[in-house]
Every structure is written in C-alpha cells, then in structure tokens.
Amino acid sequence: MLRHLLKLIWKRKSRNMMLSLEILLAFVVVFAIAAFALRSYQLYRMPTGFSYQDVWSASLNARNEGGIEADPLIYDKFRQSLKALPEVQEVGFSSFPVYQSSNWISEFTLREGKRKFVSNLFEISDEFPAVVGMTLAEGRWFSRADDGAAERPVVINRRLAQKLFEGKPALGQVFTEDEDDPKKALKQFKVVGIVEEFRSQGEFMSPPSFMLVRHQAGAGEGGLEAIQLKVRPGTPRTFEAALNRQLKLVRNDWSYTISPVADMRTSMIKTQTIPLTVLAVIAAFLLVMVAFGLFGVLWQNTTQRIPEIGLRRAVGADSGHIYSQIIVEQMLLSSGAMAIALLLLVQLPLTGALGDSLNWTVFLMAAALSAGVIYLLSLLCSLYPGWRAARLSPTQALHYE
C-alpha cells in the first residue's frame with residue numbers, strides 16, 4: 001500500500017513540487033521560531049549567578065564633565081550614610097547595575113604563550129558579592145588584603161576558566177590587558193576565584209566569558225556608577241524617597257535613578273521577549289496563509305482526480321480507503337519536504353555555525369515541535385478534501401468531463 005502511494009506521488013511530482021516547497025519553507029520558518037523560543041526557555045532556566053530578591057539599585061548621575069569621581073572618600077561616605085538607614089543591610093558598588101543593557105568587553109593576553117582572549121568585564125567593590133548573594137565555586141573573594149597588590153585580583157566564571165586553562169588549575173594564573181599605547185604600563189590581573197556563572201543582564205543573556213574585577217578607588221581608575229543595596233525583606237516602595245534623601249546628603253549636586261532590582265528584572269524580561277512575541281505573530285500569520293494555500297491545492301488535486309477515485313470505488317474500494325489514501329498521501333508529501341529541510345538544517349549544529357544558540361538539545365526539540373505543527377496542519381487541511389473524495393460515487397466519475 002505504501003509503495004503504491006509513493007508511486008502515485010512520484011507520478012504527480014510536477015504538481016506536488018510547489019506544494020512540497022511551500023511545506024518546506026513553512027517548516028523552516030516554524031523551526032527557526034521554535035528554536036529561538038526553546039533557546040530562550042533554556043536560557044531562562046539557567047542560573048544567573050546572583051540574586052535579585054531584596055536588592056535595590058541606585059545609579060549615580062554626575063553632572064560634571066569628568067563623570068563619577070574615583071575618590072575612595074566618596075564611596076565611604078555613601079556606604080556610611082546608606083548603612084545608617086534601618087532598611088539597609090549591606091552596600092556594594094558596581095560599574096553599572098545588573099539587569100541593564102550595558103556591556104564592557106576588553107582584550108587580554110595570557111602570560112604563557114602570549115595567547116589573546118576577549119572577556120566581558122564587571123568591576124565591583126568588595127561588598128558586592130554579599131549584596132547580591134553570589135557564591136564561589138573555587139578560591140576566594142577579593143578583600144582589603146589585596147590593597148596594593150601588584151596584580152589586580154579577579155574572579156572569573158567557569159566558562160572562561162575552561163576556555164583558557166582546560167586541564168590546568170585556573171587559580172593563580174596571571175594575564176595582562178592589551179593596550180594600544182606601547183608606552184603605557186600594562187595592567188596585570190591574577191585569578192583568585194571562580195564562580196559557576198554570572199550573567200549581568202539576567203535570564204535571557206547568553207552565557208558569556210565573564211570576569212569580575214576588583215575596583216581600586218584612587219588608583220587611577222574610573223568611578224563605579226551604581227550602588228547595590230541589600231535591604232530587609234518586605235521593604236516597601238516608599239523606601240525610595242528615604243533613600244534619595246540620604247544620597248542627597250552625600251552629593252546634592254548629583255541625581256540618582258533608584259529602583260528595586262526585581263522591577264528592573266521585570267522590565268528587562270519584557271524588553272527581551274518582544275522579539276519572540278513579534279516572531280510568534282508572524283509565524284501564526286504565515287501558518288494561516290500556508291493552511292489556506294494547502295487546503296486550496298488539496299481541493300484542486302482531489303477535483304482533478306475524480307476519474308481515478310471513481311474507478312477505485314468501482315473496483316470495490318470503500319469510502320474509508322479513499323479517505324485514508326488522501327490523508328496518508330499528504331502526510332507522506334509533508335514528510336518528504338521536512339526530510340529535505342532537516343538535511344539542510346542539521347548542518348547548523350554540525351558545523352557550530354550558531355554556537356550554543358542552536359545546540360543539539362534545542363535542535364532536536366525544535367525539529368520535533370516543528371514536525372508536529374506541520375503534520376497537524378497537513379492533517380487538518382486534508383480532512384475535508386478526503387471526506388469529499390470519499391463521498392464520490394462511480395456514477396459521478398463516469399459523468400466527469
């Protein structure tokens with residue numbers, strides 16, 4: 001039976017060519033959107049490496065041209081002033097707030113072999129890890145004991161450690177920052193700790209190579225522009241006014257952007273899911289158009305095959321056989337189109353062209369989901385043409401012109 005249906009499909013290959021192409025393109029589009037959605041869900045399930053609960057953020061907006069000053073006295077004043085508030089448990093500083101679309105990337109060179117690499121950077125104070133609940137996998141956090149060290153202490157994530165020092169211990173490794181000016185002294189960095197993960201932009205950020213650098217106020221460095229506060233559970237939103245007043249006591253000529261990190265997370269997630277929403281609407285519209293086209297082609301094909309179907313009925317085929325023939329033929333046609341599409345798409349994870357964005361887990365799940373959608377669409381579009389063909393009598397076939 002199956003061999004016979006394949007022969008029928010092959011004999012009508014010129015008619016089925018456009019239909020197969022339409023199914024192939026629909027499968028590719030659905031696959032792309034499914035892969036994007038599944039990768040987003042995969043990222044959402046991954047740990048970010050820090051906690052946002054009971055954490056508030058205050059961005060410092062200096063009005064002077066030089067920006068935020070890197071004066072240690074300024075940070076001490078902010079720390080003492082804010083810890084005087086009963087709601088505040090700990091105060092830390094960072095180069096920019098978490099859950100913000102800010103990025104800092106720099107190039108470095110390993111001491112061994114002069115190997116160059118690129119990493120994301122996040123400059124923080126000694127108190128920052130305690131504020132956001134970060135935990136170490138290996139080594140230690142930096143502290144006051146690192147003041148005056150020849151090499152700046154850094155904590156890197158596991159991804160960067162495996163990339164640079166696979167098979168060797170990462171702790172204690174030293175590297176330098178690349179500098180275009182040959183006369184300028186190169187900054188030395190030393191790995192003192194490793195965290196499993198850190199994604200400053202939140203749940204939908206692709207896992208990067210990340211480096212947490214200890215900020216050295218007054219050492220010729222720029223200032224940190226964000227204050228992160230660990231507050232008591234249940235702190236109300238009205239705390240914002242008290243926090244702003246306390247900040248103004250330190251620098252009244254600066255302005256401050258204050259928000260709970262939980263609100264910043266919600267806003268970031270909404271922004272990052274907009275592309276997925278747009279793609280879903282486009283996919284729904286495309287599938288409706290494909291459904292109309294598929295239904296029309298199947299109707300036309302059934303009409304053109306009235307003599308063939310009538311002859312089958314005349315030699316004893318019942319309506320159930322005709323009905324199943326139309327549906328199975330469409331499923332086989334869809335299977336062929338999807339097989340060709342998968343042969344093309346499988347090259348992406350094999351070659352690693354899209355990196356972790358299309359890993360094998362995402363690929364297999366997206367392929368299965370897309371195939372399910374196309375099969376369901378094919379089934380729904382073939383039900384009425386199949387029912388119409390099944391009702392055809394030999395008499396109608398004899399009178400067909």
# chains A, B, ... in the order shown; residues from 1 in each chain; ligands from 1
call {"tool": "residues_around", "arguments": {"residues": "Met46 of chain A", "least_positions_apart": "3", "cutoff": "10 Å", "atoms": "only C-alpha atoms", "output": "ChimeraX atom specification"}}
result
/A:41-43,49,197,199,202-207
call {"tool": "closest_residue", "arguments": {"among": "A:Leu369, A:Leu364, A:Ala149, A:Leu279", "to": "Ile33 of chain A", "atoms": "only C-alpha atoms"}}
result
A:Leu279
call {"tool": "closest_residue", "arguments": {"among": "A:Tyr256, A:Tyr52, A:Phe175, A:Phe210", "to": "Ala241 of chain A", "atoms": "only C-alpha atoms"}}
result
A:Tyr256
call {"tool": "residues_around", "arguments": {"residues": "Val195 of chain A", "least_positions_apart": "3", "cutoff": "7 Å", "atoms": "only C-alpha atoms", "output": "VMD selection string"}}
result
chain A and resid 135 to 138 156 to 158
call {"tool": "write_last_selection", "arguments": {"atoms": "C-alpha atoms", "output": "JSON list (two decimals), in the first residue's frame"}}
result
[["chain", "number", "residue", "atom", "x", "y", "z"],
["A", 135, "THR", "CA", 28.68, 32.09, 45.82],
["A", 136, "LEU", "CA", 32.16, 30.88, 44.94],
["A", 137, "ALA", "CA", 32.93, 27.53, 43.34],
["A", 138, "GLU", "CA", 36.68, 27.74, 43.96],
["A", 156, "ILE", "CA", 36.21, 34.53, 36.57],
["A", 157, "ASN", "CA", 33.29, 32.29, 35.62],
["A", 158, "ARG", "CA", 33.63, 28.60, 34.86]]
call {"tool": "atom_distance", "arguments": {"atom1": "atom CA of Leu186 of chain A", "atom2": "atom CA of Asp126 of chain A"}}
result
23.2 Å
call {"tool": "atom_distance", "arguments": {"atom1": "atom CA of Ser106 of chain A", "atom2": "atom CA of Arg144 of chain A"}}
result
25.3 Å
call {"tool": "residues_around", "arguments": {"residues": "segment 283-289 of chain A", "least_positions_apart": "5", "cutoff": "8 Å", "atoms": "only C-alpha atoms", "output": "ChimeraX atom specification"}}
result
/A:26,29-30,33
call {"tool": "residues_around", "arguments": {"residues": "Ile124 of chain A", "least_positions_apart": "6", "cutoff": "6 Å", "atoms": "only C-alpha atoms", "output": "VMD selection string"}}
result
chain A and resid 93 to 94 214 to 215
call {"tool": "write_last_selection", "arguments": {"atoms": "N, CA and C atoms", "output": "short mmCIF file (atom, residue, chain, number, x, y, z; two decimals), in the first residue's frame"}}
result
data_model
loop_
_atom_site.label_atom_id
_atom_site.label_comp_id
_atom_site.auth_asym_id
_atom_site.auth_seq_id
_atom_site.Cartn_x
_atom_site.Cartn_y
_atom_site.Cartn_z
N PHE A 93 29.13 48.38 45.40
CA PHE A 93 29.22 49.23 44.21
C PHE A 93 29.62 48.38 43.00
N SER A 94 29.15 48.81 41.83
CA SER A 94 29.49 48.11 40.59
C SER A 94 29.61 49.11 39.45
N ARG A 214 38.17 43.55 40.76
CA ARG A 214 38.10 44.35 41.99
C ARG A 214 38.39 45.81 41.67
N HIS A 215 37.49 46.68 42.12
CA HIS A 215 37.69 48.11 41.92
C HIS A 215 38.67 48.65 42.96
#
call {"tool": "residues_around", "arguments": {"residues": "Phe50 of chain A", "least_positions_apart": "3", "cutoff": "8 Å", "atoms": "only C-alpha atoms", "output": "count of residues only"}}
result
5
call {"tool": "atom_distance", "arguments": {"atom1": "atom CA of Leu171 of chain A", "atom2": "atom CA of Ser125 of chain A"}}
result
20.1 Å
